[in-house]
file start-v9.tsv (TSV, C-alpha atoms and all ligand atoms)
chain	number	residue	atom	x	y	z
A	1	MET	CA	-80.41	-46.52	-67.75
A	2	PRO	CA	-83.21	-44.16	-68.84
A	3	SER	CA	-82.70	-42.67	-72.25
A	4	ASN	CA	-82.79	-39.07	-73.34
A	5	HIS	CA	-86.07	-39.72	-75.17
A	6	PRO	CA	-87.56	-36.63	-76.89
A	7	LYS	CA	-90.96	-37.34	-75.32
A	8	MET	CA	-89.43	-36.97	-71.87
A	9	GLN	CA	-88.56	-33.35	-72.50
A	10	PRO	CA	-90.98	-30.42	-72.23
A	11	PRO	CA	-92.12	-29.16	-75.61
A	12	ALA	CA	-89.69	-26.36	-76.39
A	13	ASP	CA	-91.61	-25.05	-79.39
A	14	THR	CA	-94.89	-24.23	-77.63
A	15	THR	CA	-93.48	-22.27	-74.75
A	16	THR	CA	-93.15	-18.72	-73.58
A	17	LEU	CA	-90.27	-17.68	-71.38
A	18	ILE	CA	-90.74	-15.54	-68.32
A	19	ASP	CA	-89.60	-11.97	-68.77
A	20	GLY	CA	-86.69	-10.82	-66.65
A	21	LEU	CA	-85.56	-14.24	-65.43
A	22	GLU	CA	-82.00	-15.17	-66.18
A	23	GLN	CA	-82.18	-18.79	-67.21
A	24	LYS	CA	-79.11	-20.90	-67.01
A	25	ASP	CA	-79.21	-23.70	-64.49
A	26	VAL	CA	-83.01	-23.70	-64.42
A	27	VAL	CA	-85.01	-23.28	-67.62
A	28	VAL	CA	-88.53	-21.96	-67.20
A	29	SER	CA	-91.27	-22.07	-69.79
A	30	ILE	CA	-95.05	-21.92	-69.82
A	31	ASP	CA	-97.05	-23.73	-72.46
A	32	ASP	CA	-100.39	-22.69	-73.89
A	33	GLU	CA	-102.29	-25.02	-71.54
A	34	GLY	CA	-100.98	-23.16	-68.49
A	35	ILE	CA	-98.41	-25.76	-67.48
A	36	ALA	CA	-95.19	-24.14	-66.27
A	37	TRP	CA	-92.14	-26.33	-66.84
A	38	LEU	CA	-89.22	-25.88	-64.48
A	39	ARG	CA	-86.28	-27.83	-65.80
A	40	MET	CA	-83.09	-28.34	-63.81
A	41	ASN	CA	-80.60	-27.73	-66.57
A	42	ARG	CA	-77.13	-29.12	-65.93
A	43	PRO	CA	-77.38	-32.29	-68.01
A	44	THR	CA	-73.63	-32.87	-68.18
A	45	LYS	CA	-73.59	-32.86	-64.35
A	46	ARG	CA	-76.78	-34.96	-64.21
A	47	ASN	CA	-78.58	-31.86	-62.91
A	48	ALA	CA	-76.73	-31.99	-59.60
A	49	ILE	CA	-78.12	-29.20	-57.44
A	50	ASN	CA	-75.54	-26.42	-57.26
A	51	PRO	CA	-75.95	-22.85	-55.98
A	52	GLY	CA	-77.17	-21.84	-59.45
A	53	ILE	CA	-80.11	-24.24	-59.31
A	54	VAL	CA	-80.83	-23.27	-55.69
A	55	PHE	CA	-81.05	-19.53	-56.31
A	56	GLU	CA	-82.67	-19.75	-59.73
A	57	MET	CA	-85.34	-22.12	-58.42
A	58	ASN	CA	-86.22	-19.68	-55.66
A	59	GLU	CA	-86.49	-16.88	-58.23
A	60	ALA	CA	-88.47	-18.97	-60.68
A	61	LEU	CA	-90.97	-20.13	-58.05
A	62	ASP	CA	-91.41	-16.53	-56.92
A	63	ALA	CA	-92.01	-15.40	-60.50
A	64	LEU	CA	-94.43	-18.21	-61.32
A	65	GLU	CA	-96.46	-17.55	-58.20
A	66	LEU	CA	-97.45	-14.17	-59.65
A	67	ASP	CA	-97.68	-15.24	-63.28
A	68	ASP	CA	-101.34	-15.89	-64.07
A	69	ARG	CA	-100.41	-17.88	-67.16
A	70	ALA	CA	-98.92	-20.58	-64.91
A	71	LYS	CA	-101.68	-22.76	-63.47
A	72	ALA	CA	-99.73	-25.90	-62.59
A	73	ILE	CA	-95.99	-26.43	-62.17
A	74	VAL	CA	-93.99	-29.42	-63.40
A	75	ILE	CA	-90.42	-29.86	-62.15
A	76	THR	CA	-88.16	-32.08	-64.21
A	77	GLY	CA	-84.60	-32.43	-65.46
A	78	SER	CA	-82.72	-31.94	-68.71
A	79	GLY	CA	-81.16	-34.92	-70.42
A	80	GLU	CA	-80.97	-38.33	-68.79
A	81	ALA	CA	-81.36	-37.24	-65.15
A	82	PHE	CA	-84.09	-35.80	-62.96
A	83	SER	CA	-81.30	-34.82	-60.59
A	84	ALA	CA	-78.27	-36.56	-59.09
A	85	GLY	CA	-78.98	-34.73	-55.81
A	86	GLN	CA	-76.93	-32.02	-54.18
A	87	ASP	CA	-73.74	-31.16	-56.03
A	88	LEU	CA	-70.91	-32.73	-54.02
A	89	LYS	CA	-68.44	-30.12	-55.21
A	90	GLU	CA	-70.42	-26.89	-55.48
A	91	TYR	CA	-73.01	-27.49	-52.75
A	92	PHE	CA	-70.83	-29.36	-50.23
A	93	ARG	CA	-67.05	-29.20	-50.71
A	94	GLU	CA	-66.59	-25.62	-51.88
A	95	PRO	CA	-69.03	-23.96	-49.44
A	96	ASP	CA	-67.72	-26.16	-46.60
A	97	SER	CA	-64.31	-24.54	-47.01
A	98	GLY	CA	-65.65	-21.01	-47.51
A	99	HIS	CA	-67.20	-18.46	-45.16
A	100	PRO	CA	-69.49	-20.35	-42.73
A	101	MET	CA	-72.25	-17.78	-43.14
A	102	MET	CA	-72.22	-18.18	-46.92
A	103	ARG	CA	-72.63	-21.91	-46.45
A	104	GLU	CA	-75.45	-21.24	-44.03
A	105	ARG	CA	-77.12	-18.93	-46.55
A	106	LEU	CA	-76.85	-21.53	-49.32
A	107	HIS	CA	-78.34	-24.28	-47.17
A	108	ARG	CA	-81.14	-21.98	-46.03
A	109	ALA	CA	-81.94	-21.03	-49.63
A	110	ASN	CA	-81.97	-24.70	-50.56
A	111	ALA	CA	-84.40	-25.56	-47.76
A	112	ALA	CA	-86.49	-22.59	-48.86
A	113	TRP	CA	-87.28	-23.92	-52.34
A	114	GLN	CA	-87.07	-27.70	-51.87
A	115	TRP	CA	-89.06	-27.80	-48.68
A	116	LYS	CA	-90.92	-24.74	-47.39
A	117	ARG	CA	-91.68	-23.15	-50.74
A	118	LEU	CA	-92.78	-26.33	-52.49
A	119	MET	CA	-94.72	-27.79	-49.59
A	120	PHE	CA	-97.00	-24.77	-49.38
A	121	TYR	CA	-96.70	-23.53	-52.95
A	122	PRO	CA	-99.95	-21.83	-53.94
A	123	LYS	CA	-100.19	-23.66	-57.27
A	124	PRO	CA	-100.27	-27.42	-57.77
A	125	THR	CA	-96.87	-29.04	-58.38
A	126	ILE	CA	-95.84	-32.27	-60.08
A	127	ALA	CA	-92.41	-33.89	-60.17
A	128	MET	CA	-91.78	-35.56	-63.53
A	129	VAL	CA	-88.95	-37.98	-62.78
A	130	ASN	CA	-87.29	-38.61	-66.11
A	131	GLY	CA	-84.12	-40.38	-64.98
A	132	TRP	CA	-81.54	-40.50	-62.16
A	133	CYS	CA	-82.97	-39.30	-58.83
A	134	PHE	CA	-80.59	-39.39	-55.86
A	135	GLY	CA	-80.22	-37.97	-52.36
A	136	GLY	CA	-81.30	-34.33	-52.23
A	137	ALA	CA	-83.44	-34.85	-55.33
A	138	PHE	CA	-85.77	-36.91	-53.10
A	139	GLN	CA	-86.64	-33.66	-51.35
A	140	VAL	CA	-87.55	-32.02	-54.66
A	141	LEU	CA	-89.66	-35.06	-55.49
A	142	LEU	CA	-91.39	-35.16	-52.10
A	143	GLY	CA	-91.72	-31.38	-51.97
A	144	CYS	CA	-93.98	-31.60	-55.02
A	145	ASP	CA	-97.63	-32.48	-54.46
A	146	LEU	CA	-97.68	-35.37	-56.93
A	147	ALA	CA	-95.13	-37.31	-58.95
A	148	VAL	CA	-95.01	-39.22	-62.22
A	149	ALA	CA	-91.94	-41.30	-63.04
A	150	ASP	CA	-90.41	-43.07	-65.97
A	151	GLU	CA	-90.53	-46.78	-65.08
A	152	ALA	CA	-86.85	-46.92	-66.02
A	153	ALA	CA	-85.83	-43.98	-63.80
A	154	LYS	CA	-83.30	-44.92	-61.12
A	155	PHE	CA	-83.76	-43.77	-57.54
A	156	GLY	CA	-81.39	-44.03	-54.60
A	157	LEU	CA	-80.74	-42.63	-51.14
A	158	SER	CA	-77.05	-42.86	-51.88
A	159	GLU	CA	-75.82	-40.85	-48.89
A	160	ILE	CA	-74.89	-43.95	-46.89
A	161	ASN	CA	-72.69	-45.06	-49.82
A	162	TRP	CA	-70.44	-42.07	-49.37
A	163	GLY	CA	-70.56	-41.87	-45.60
A	164	ILE	CA	-73.20	-39.31	-44.70
A	165	ILE	CA	-76.86	-39.43	-43.67
A	166	PRO	CA	-79.73	-38.03	-45.79
A	167	ALA	CA	-79.81	-34.60	-44.20
A	168	GLY	CA	-81.28	-31.31	-45.26
A	169	ILE	CA	-84.80	-32.45	-44.48
A	170	VAL	CA	-84.69	-35.61	-46.64
A	171	THR	CA	-84.90	-38.18	-43.83
A	172	LYS	CA	-87.94	-36.44	-42.34
A	173	SER	CA	-89.70	-36.30	-45.72
A	174	VAL	CA	-88.91	-39.92	-46.47
A	175	ALA	CA	-90.18	-40.92	-43.02
A	176	MET	CA	-93.45	-39.10	-43.67
A	177	ALA	CA	-93.94	-40.57	-47.13
A	178	LEU	CA	-92.81	-44.20	-46.86
A	179	SER	CA	-93.37	-47.11	-44.53
A	180	GLN	CA	-90.68	-47.67	-41.89
A	181	ARG	CA	-89.59	-50.83	-43.67
A	182	ALA	CA	-89.13	-49.17	-47.06
A	183	ALA	CA	-87.60	-45.98	-45.65
A	184	LEU	CA	-85.01	-47.73	-43.50
A	185	TYR	CA	-84.23	-50.26	-46.21
A	186	TYR	CA	-83.24	-47.61	-48.72
A	187	ILE	CA	-81.68	-45.24	-46.16
A	188	MET	CA	-79.52	-48.05	-44.73
A	189	THR	CA	-78.58	-49.97	-47.89
A	190	GLY	CA	-78.27	-47.14	-50.41
A	191	GLU	CA	-79.58	-49.58	-53.04
A	192	THR	CA	-81.09	-48.20	-56.21
A	193	PHE	CA	-84.62	-48.98	-57.37
A	194	ASP	CA	-86.62	-48.20	-60.47
A	195	GLY	CA	-89.75	-46.19	-61.19
A	196	ARG	CA	-92.03	-49.19	-60.87
A	197	ARG	CA	-90.72	-49.90	-57.37
A	198	ALA	CA	-91.06	-46.19	-56.54
A	199	GLU	CA	-94.74	-46.46	-57.42
A	200	GLN	CA	-95.15	-49.64	-55.32
A	201	ILE	CA	-93.75	-48.00	-52.19
A	202	GLY	CA	-95.72	-44.80	-52.72
A	203	LEU	CA	-92.77	-42.56	-53.52
A	204	VAL	CA	-94.42	-41.57	-56.81
A	205	ASN	CA	-98.07	-41.71	-57.83
A	206	ILE	CA	-97.66	-43.21	-61.26
A	207	ALA	CA	-94.86	-44.91	-63.21
A	208	VAL	CA	-95.16	-45.21	-66.97
A	209	PRO	CA	-92.98	-46.32	-69.89
A	210	THR	CA	-90.56	-43.67	-71.14
A	211	ASP	CA	-92.57	-42.71	-74.21
A	212	GLN	CA	-95.68	-41.99	-72.10
A	213	LEU	CA	-94.05	-39.92	-69.40
A	214	LEU	CA	-94.66	-36.48	-70.86
A	215	GLU	CA	-98.24	-37.12	-71.94
A	216	ARG	CA	-99.20	-38.77	-68.62
A	217	THR	CA	-97.75	-35.80	-66.75
A	218	LYS	CA	-99.73	-33.40	-68.90
A	219	VAL	CA	-102.96	-35.34	-68.30
A	220	LEU	CA	-102.40	-35.07	-64.56
A	221	ALA	CA	-101.57	-31.36	-64.82
A	222	ARG	CA	-104.74	-30.75	-66.86
A	223	THR	CA	-106.82	-32.48	-64.17
A	224	LEU	CA	-105.37	-30.17	-61.53
A	225	ILE	CA	-105.80	-27.08	-63.73
A	226	GLU	CA	-109.52	-27.88	-64.11
A	227	ARG	CA	-110.02	-27.74	-60.35
A	228	ASN	CA	-110.93	-24.63	-58.36
A	229	PRO	CA	-107.46	-23.14	-57.60
A	230	VAL	CA	-108.39	-21.52	-54.29
A	231	VAL	CA	-109.87	-24.72	-52.92
A	232	LEU	CA	-107.03	-26.81	-54.33
A	233	ARG	CA	-104.49	-24.70	-52.50
A	234	SER	CA	-106.51	-24.83	-49.31
A	235	ALA	CA	-106.85	-28.62	-49.50
A	236	LYS	CA	-103.08	-29.04	-49.76
A	237	VAL	CA	-102.23	-26.61	-46.98
A	238	ALA	CA	-104.82	-28.30	-44.76
A	239	TYR	CA	-103.31	-31.72	-45.49
A	240	HIS	CA	-99.82	-30.66	-44.44
A	241	HIS	CA	-100.95	-28.91	-41.26
A	242	CYS	CA	-103.36	-31.67	-40.20
A	243	ARG	CA	-100.63	-34.30	-40.32
A	244	ASP	CA	-98.92	-32.61	-37.39
A	245	MET	CA	-102.03	-31.70	-35.37
A	246	GLY	CA	-104.01	-33.50	-32.72
A	247	TRP	CA	-107.52	-34.67	-33.68
A	248	ASP	CA	-109.47	-31.97	-31.87
A	249	ALA	CA	-107.29	-29.19	-33.21
A	250	ALA	CA	-107.51	-30.63	-36.74
A	251	TYR	CA	-111.30	-30.80	-36.53
A	252	ASP	CA	-111.53	-27.17	-35.49
A	253	TYR	CA	-108.87	-26.04	-37.97
A	254	LEU	CA	-110.65	-27.75	-40.89
A	255	ALA	CA	-113.92	-26.07	-39.97
A	256	ALA	CA	-112.18	-22.69	-39.92
A	257	LYS	CA	-110.35	-23.45	-43.16
A	258	SER	CA	-113.65	-24.35	-44.85
A	259	ASP	CA	-115.14	-21.04	-43.72
A	260	GLN	CA	-112.04	-19.24	-45.02
A	261	ASN	CA	-112.72	-20.67	-48.50
A	262	VAL	CA	-116.18	-19.14	-48.49
A	263	VAL	CA	-114.57	-15.74	-47.99
A	264	ARG	CA	-111.60	-16.24	-50.30
A	265	ASP	CA	-113.07	-18.16	-53.21
A	266	PRO	CA	-114.28	-15.66	-55.82
A	267	GLU	CA	-116.21	-18.33	-57.73
A	268	GLN	CA	-117.92	-19.74	-54.63
A	269	GLY	CA	-117.15	-23.30	-55.65
A	270	GLY	CA	-119.17	-25.05	-52.96
A	271	GLN	CA	-122.33	-23.14	-53.86
A	272	GLN	CA	-121.85	-23.69	-57.58
A	273	GLY	CA	-121.21	-27.38	-57.14
A	274	MET	CA	-124.32	-27.82	-55.01
A	275	LYS	CA	-126.49	-25.90	-57.47
A	276	GLN	CA	-125.22	-27.83	-60.48
A	277	PHE	CA	-125.87	-31.15	-58.71
A	278	LEU	CA	-129.07	-30.48	-56.76
A	279	ASP	CA	-130.90	-27.91	-58.93
A	280	ASP	CA	-129.51	-28.04	-62.47
A	281	LYS	CA	-128.66	-31.76	-62.35
A	282	THR	CA	-125.80	-31.10	-64.76
A	283	PHE	CA	-123.05	-33.02	-63.02
A	284	ARG	CA	-122.31	-35.69	-60.42
A	285	PRO	CA	-119.68	-34.74	-57.82
A	286	GLY	CA	-118.67	-38.38	-57.42
A	287	LEU	CA	-117.63	-38.57	-61.04
A	288	GLY	CA	-115.85	-35.31	-61.81
A	289	ALA	CA	-115.45	-31.58	-61.17
A	290	TYR	CA	-118.27	-29.02	-61.41
A	291	LYS	CA	-118.27	-26.75	-64.44
A	292	ARG	CA	-116.35	-23.58	-63.63
A	293	SER	CA	-117.51	-20.36	-65.27
A	294	GLU	CA	-115.03	-18.98	-67.81
B	1	LIG	N1	-72.44	-33.82	-57.47
B	1	LIG	C1	-71.45	-33.32	-58.25
B	1	LIG	N2	-71.22	-33.78	-59.49
B	1	LIG	C2	-71.98	-34.77	-59.96
B	1	LIG	C3	-73.03	-35.34	-59.19
B	1	LIG	C4	-73.24	-34.82	-57.90
B	1	LIG	N3	-74.24	-35.25	-57.10
B	1	LIG	N4	-73.62	-36.31	-59.93
B	1	LIG	C5	-72.96	-36.34	-61.11
B	1	LIG	N5	-71.98	-35.42	-61.13
B	1	LIG	C6	-71.04	-35.10	-62.21
B	1	LIG	C7	-69.87	-36.09	-62.26
B	1	LIG	O1	-68.85	-35.72	-61.36
B	1	LIG	C8	-69.48	-35.94	-63.72
B	1	LIG	O2	-68.74	-34.75	-63.86
B	1	LIG	P1	-67.45	-34.69	-64.85
B	1	LIG	O3	-67.99	-35.00	-66.21
B	1	LIG	O4	-66.94	-33.30	-64.71
B	1	LIG	O5	-66.51	-35.75	-64.37
B	1	LIG	C9	-70.79	-35.75	-64.43
B	1	LIG	O6	-71.71	-35.26	-63.46
B	1	LIG	C10	-71.38	-37.03	-65.00
B	1	LIG	O7	-71.41	-37.98	-63.97
B	1	LIG	P2	-71.07	-39.53	-64.21
B	1	LIG	O8	-70.87	-40.15	-62.89
B	1	LIG	O9	-69.95	-39.65	-65.18
B	1	LIG	O10	-72.43	-39.97	-64.93
B	1	LIG	P3	-73.09	-41.44	-65.00
B	1	LIG	O11	-74.23	-41.29	-65.95
B	1	LIG	O12	-72.06	-42.47	-65.29
B	1	LIG	O13	-73.64	-41.73	-63.52
B	1	LIG	C11	-74.84	-41.12	-61.52
B	1	LIG	C12	-74.74	-41.00	-63.04
B	1	LIG	C13	-75.99	-40.21	-61.10
B	1	LIG	C14	-75.15	-42.60	-61.15
B	1	LIG	C15	-73.49	-40.72	-60.85
B	1	LIG	O14	-73.06	-39.48	-61.41
B	1	LIG	C16	-73.57	-40.54	-59.36
B	1	LIG	O15	-73.48	-41.50	-58.63
B	1	LIG	N6	-73.77	-39.28	-58.86
B	1	LIG	C17	-73.87	-38.99	-57.46
B	1	LIG	C18	-75.24	-39.36	-56.93
B	1	LIG	C19	-75.36	-39.09	-55.43
B	1	LIG	O16	-74.83	-39.79	-54.63
B	1	LIG	N7	-76.10	-38.04	-55.09
B	1	LIG	C20	-76.40	-37.70	-53.76
B	1	LIG	C21	-76.08	-36.27	-53.49
B	1	LIG	S1	-76.95	-35.73	-52.03
call {"tool": "encode", "arguments": {"input": "start-v9.tsv", "output": "structure tokens", "more": "lines below"}}
Ligand code: COA
result
Amino acid sequence: MPSNHPKMQPPADTTTLIDGLEQKDVVVSIDDEGIAWLRMNRPTKRNAINPGIVFEMNEALDALELDDRAKAIVITGSGEAFSAGQDLKEYFREPDSGHPMMRERLHRANAAWQWKRLMFYPKPTIAMVNGWCFGGAFQVLLGCDLAVADEAAKFGLSEINWGIIPAGIVTKSVAMALSQRAALYYIMTGETFDGRRAEQIGLVNIAVPTDQLLERTKVLARTLIERNPVVLRSAKVAYHHCRDMGWDAAYDYLAAKSDQNVVRDPEQGGQQGMKQFLDDKTFRPGLGAYKRSE
């Protein structure tokens, strides 16, 4: 079982909290490199996703969208879990026996942050999987653009073990991300697997030993922060839309999206990059990013 290693936790001493956000089930902090850490914070409940996490995540993502200090977002968990998935008591049992519209509202708010908000979030997002990751937590993981995991983290689509299917939008996300063989294997057996296996099947980008998890995540975040943010956002939105489009429509859409960047990008990245390569000969696009003006 993954340990509660200090290197797996965001650096509490170098952070600034966001004004006006009540932080209980989600702790938000921004470090001096511009990495915003969103930590699901119910360690004694293995960060099971309750209404508190649902509503606080929506608020936090809204706040960070407008906070210019936050340049990349990392979502992780407190203690030994990333998240044990949806809270069986507070997300399922209690709302199931309450007012049907309240249940509806909760599920809608959950889809809002885990799926729609994260998929098209205007800033780059990374899931840092520091431990247990089950069921609904797969949606958090796959909602993020990229993912780094502790090799010892334990993953599982455990729904089948307790007699339900991976709903919300988990089955769809898993089907988009994994091969049919891997997806059906884990959906149908409910078996757990570790971070290394998650990397093999493409569920995470990188799996590292516990003591490297935090630093490797920061390196990845720094890489994303160096990139042109307008173009980065555009590239991600284009990826998600193109997956569901026909070829002709995608071709036309990408041309229009490229033109949109020319209008929206205040630093005119494409022009700068070309000039630095062709005229100034100060960088090679194949080997890294162009130098952005301060
Ligand atoms: N929903 C509600 N409560 C949960 C939870 C969940 N998904 N996952 C853990 N908890 C609670 C437990 O009920 C327990 O609460 P208690 O201390 O009040 O009894 C506490 O968190 C600790 O859980 P415990 O099972 O004792 O921890 P563990 O370290 O031995 O095991 C897990 C960790 C993640 C393997 C185990 O808790 C588990 O199987 N959780 C459910 C995972 C799951 O199927 N998620 C899918 C939801 S979509």
call {"tool": "residues_near_ligand", "arguments": {"input": "start-v9.tsv", "ligand": "ligand LIG 1 (chain B)", "cutoff": "10 Å", "atoms": "only C-alpha atoms and all ligand atoms", "output": "PDB file with C-alpha atoms, in the coordinates of the input"}}
result
ATOM      1  CA  MET A   1     -80.410 -46.520 -67.750  1.00  0.00           C
ATOM      2  CA  PRO A   2     -83.210 -44.160 -68.840  1.00  0.00           C
ATOM      3  CA  ARG A  42     -77.130 -29.120 -65.930  1.00  0.00           C
ATOM      4  CA  PRO A  43     -77.380 -32.290 -68.010  1.00  0.00           C
ATOM      5  CA  THR A  44     -73.630 -32.870 -68.180  1.00  0.00           C
ATOM      6  CA  LYS A  45     -73.590 -32.860 -64.350  1.00  0.00           C
ATOM      7  CA  ARG A  46     -76.780 -34.960 -64.210  1.00  0.00           C
ATOM      8  CA  ASN A  47     -78.580 -31.860 -62.910  1.00  0.00           C
ATOM      9  CA  ALA A  48     -76.730 -31.990 -59.600  1.00  0.00           C
ATOM     10  CA  ILE A  49     -78.120 -29.200 -57.440  1.00  0.00           C
ATOM     11  CA  ASN A  50     -75.540 -26.420 -57.260  1.00  0.00           C
ATOM     12  CA  GLU A  80     -80.970 -38.330 -68.790  1.00  0.00           C
ATOM     13  CA  ALA A  81     -81.360 -37.240 -65.150  1.00  0.00           C
ATOM     14  CA  PHE A  82     -84.090 -35.800 -62.960  1.00  0.00           C
ATOM     15  CA  SER A  83     -81.300 -34.820 -60.590  1.00  0.00           C
ATOM     16  CA  ALA A  84     -78.270 -36.560 -59.090  1.00  0.00           C
ATOM     17  CA  GLY A  85     -78.980 -34.730 -55.810  1.00  0.00           C
ATOM     18  CA  GLN A  86     -76.930 -32.020 -54.180  1.00  0.00           C
ATOM     19  CA  ASP A  87     -73.740 -31.160 -56.030  1.00  0.00           C
ATOM     20  CA  LEU A  88     -70.910 -32.730 -54.020  1.00  0.00           C
ATOM     21  CA  LYS A  89     -68.440 -30.120 -55.210  1.00  0.00           C
ATOM     22  CA  GLU A  90     -70.420 -26.890 -55.480  1.00  0.00           C
ATOM     23  CA  TYR A  91     -73.010 -27.490 -52.750  1.00  0.00           C
ATOM     24  CA  PHE A  92     -70.830 -29.360 -50.230  1.00  0.00           C
ATOM     25  CA  ARG A  93     -67.050 -29.200 -50.710  1.00  0.00           C
ATOM     26  CA  GLY A 131     -84.120 -40.380 -64.980  1.00  0.00           C
ATOM     27  CA  TRP A 132     -81.540 -40.500 -62.160  1.00  0.00           C
ATOM     28  CA  CYS A 133     -82.970 -39.300 -58.830  1.00  0.00           C
ATOM     29  CA  PHE A 134     -80.590 -39.390 -55.860  1.00  0.00           C
ATOM     30  CA  GLY A 135     -80.220 -37.970 -52.360  1.00  0.00           C
ATOM     31  CA  GLY A 136     -81.300 -34.330 -52.230  1.00  0.00           C
ATOM     32  CA  ALA A 137     -83.440 -34.850 -55.330  1.00  0.00           C
ATOM     33  CA  PHE A 138     -85.770 -36.910 -53.100  1.00  0.00           C
ATOM     34  CA  GLN A 139     -86.640 -33.660 -51.350  1.00  0.00           C
ATOM     35  CA  LYS A 154     -83.300 -44.920 -61.120  1.00  0.00           C
ATOM     36  CA  PHE A 155     -83.760 -43.770 -57.540  1.00  0.00           C
ATOM     37  CA  GLY A 156     -81.390 -44.030 -54.600  1.00  0.00           C
ATOM     38  CA  LEU A 157     -80.740 -42.630 -51.140  1.00  0.00           C
ATOM     39  CA  SER A 158     -77.050 -42.860 -51.880  1.00  0.00           C
ATOM     40  CA  GLU A 159     -75.820 -40.850 -48.890  1.00  0.00           C
ATOM     41  CA  ILE A 160     -74.890 -43.950 -46.890  1.00  0.00           C
ATOM     42  CA  ASN A 161     -72.690 -45.060 -49.820  1.00  0.00           C
ATOM     43  CA  TRP A 162     -70.440 -42.070 -49.370  1.00  0.00           C
ATOM     44  CA  ILE A 164     -73.200 -39.310 -44.700  1.00  0.00           C
ATOM     45  CA  ILE A 165     -76.860 -39.430 -43.670  1.00  0.00           C
ATOM     46  CA  PRO A 166     -79.730 -38.030 -45.790  1.00  0.00           C
ATOM     47  CA  ALA A 167     -79.810 -34.600 -44.200  1.00  0.00           C
ATOM     48  CA  GLY A 168     -81.280 -31.310 -45.260  1.00  0.00           C
ATOM     49  CA  VAL A 170     -84.690 -35.610 -46.640  1.00  0.00           C
ATOM     50  CA  GLY A 190     -78.270 -47.140 -50.410  1.00  0.00           C
ATOM     51  CA  THR A 192     -81.090 -48.200 -56.210  1.00  0.00           C
TER      52      THR A 192
END
call {"tool": "atom_distance", "arguments": {"input": "start-v9.tsv", "atom1": "atom CA of A:Gln276", "atom2": "atom CA of A:Ser234"}}
result
22.0 Å
call {"tool": "residues_around", "arguments": {"input": "start-v9.tsv", "residues": "stretch 204-213 of chain A", "least_positions_apart": "2", "cutoff": "7 Å", "atoms": "all atoms listed in the file", "output": "MDAnalysis selection string"}}
result
chainID A and resid 7:8 146:151 195:196 198:199 202 215:217
call {"tool": "closest_residue", "arguments": {"input": "start-v9.tsv", "among": "A:Pro229, A:Ala182, A:Asp244, A:Lys172", "to": "A:Asp265", "atoms": "all atoms listed in the file"}}
result
A:Pro229
call {"tool": "closest_residue", "arguments": {"input": "start-v9.tsv", "among": "A:Gln23, A:Asn41, A:Thr125, A:Thr171", "to": "A:Arg233", "atoms": "all atoms listed in the file"}}
result
A:Thr125
call {"tool": "closest_atom_pairs", "arguments": {"input": "start-v9.tsv", "of": "stretch 144-223 of chain A", "to": "stretch 57-78 of chain A", "cutoff": "9 Å", "atoms": "all atoms listed in the file", "output": "tab-separated table"}}
result
residue	atom	partner	partner_atom	distance
A:Cys144	CA	A:Ile75	CA	8.2
A:Thr217	CA	A:Val74	CA	8.1
A:Lys218	CA	A:Val74	CA	8.9
A:Ala221	CA	A:Ala72	CA	6.2
A:Arg222	CA	A:Ala72	CA	8.2
call {"tool": "build_atoms", "arguments": {"input": "start-v9.tsv", "residues": "stretch 188-195 of chain A", "atoms": "N, CA, C and O atoms", "output": "PDB file, keeping the file's coordinate frame"}}
result
ATOM      1  N   MET A 188     -80.633 -47.287 -45.308  1.00  0.00           N
ATOM      2  CA  MET A 188     -79.520 -48.050 -44.730  1.00  0.00           C
ATOM      3  C   MET A 188     -78.704 -48.851 -45.747  1.00  0.00           C
ATOM      4  O   MET A 188     -77.537 -49.158 -45.503  1.00  0.00           O
ATOM      5  N   THR A 189     -79.350 -49.194 -46.891  1.00  0.00           N
ATOM      6  CA  THR A 189     -78.580 -49.970 -47.890  1.00  0.00           C
ATOM      7  C   THR A 189     -78.030 -49.084 -49.005  1.00  0.00           C
ATOM      8  O   THR A 189     -77.034 -49.453 -49.641  1.00  0.00           O
ATOM      9  N   GLY A 190     -78.692 -47.973 -49.283  1.00  0.00           N
ATOM     10  CA  GLY A 190     -78.270 -47.140 -50.410  1.00  0.00           C
ATOM     11  C   GLY A 190     -78.526 -47.787 -51.755  1.00  0.00           C
ATOM     12  O   GLY A 190     -78.066 -47.300 -52.795  1.00  0.00           O
ATOM     13  N   GLU A 191     -79.294 -48.896 -51.774  1.00  0.00           N
ATOM     14  CA  GLU A 191     -79.580 -49.580 -53.040  1.00  0.00           C
ATOM     15  C   GLU A 191     -80.427 -48.718 -53.964  1.00  0.00           C
ATOM     16  O   GLU A 191     -81.261 -47.943 -53.493  1.00  0.00           O
ATOM     17  N   THR A 192     -80.231 -48.903 -55.256  1.00  0.00           N
ATOM     18  CA  THR A 192     -81.090 -48.200 -56.210  1.00  0.00           C
ATOM     19  C   THR A 192     -82.365 -49.005 -56.471  1.00  0.00           C
ATOM     20  O   THR A 192     -82.411 -50.206 -56.224  1.00  0.00           O
ATOM     21  N   PHE A 193     -83.380 -48.310 -56.946  1.00  0.00           N
ATOM     22  CA  PHE A 193     -84.620 -48.980 -57.370  1.00  0.00           C
ATOM     23  C   PHE A 193     -85.203 -48.201 -58.534  1.00  0.00           C
ATOM     24  O   PHE A 193     -84.846 -47.037 -58.761  1.00  0.00           O
ATOM     25  N   ASP A 194     -86.112 -48.856 -59.266  1.00  0.00           N
ATOM     26  CA  ASP A 194     -86.620 -48.200 -60.470  1.00  0.00           C
ATOM     27  C   ASP A 194     -87.982 -47.529 -60.234  1.00  0.00           C
ATOM     28  O   ASP A 194     -88.526 -47.570 -59.134  1.00  0.00           O
ATOM     29  N   GLY A 195     -88.495 -46.931 -61.281  1.00  0.00           N
ATOM     30  CA  GLY A 195     -89.750 -46.190 -61.190  1.00  0.00           C
ATOM     31  C   GLY A 195     -90.920 -47.055 -60.756  1.00  0.00           C
ATOM     32  O   GLY A 195     -91.797 -46.607 -60.009  1.00  0.00           O
TER      33      GLY A 195
END
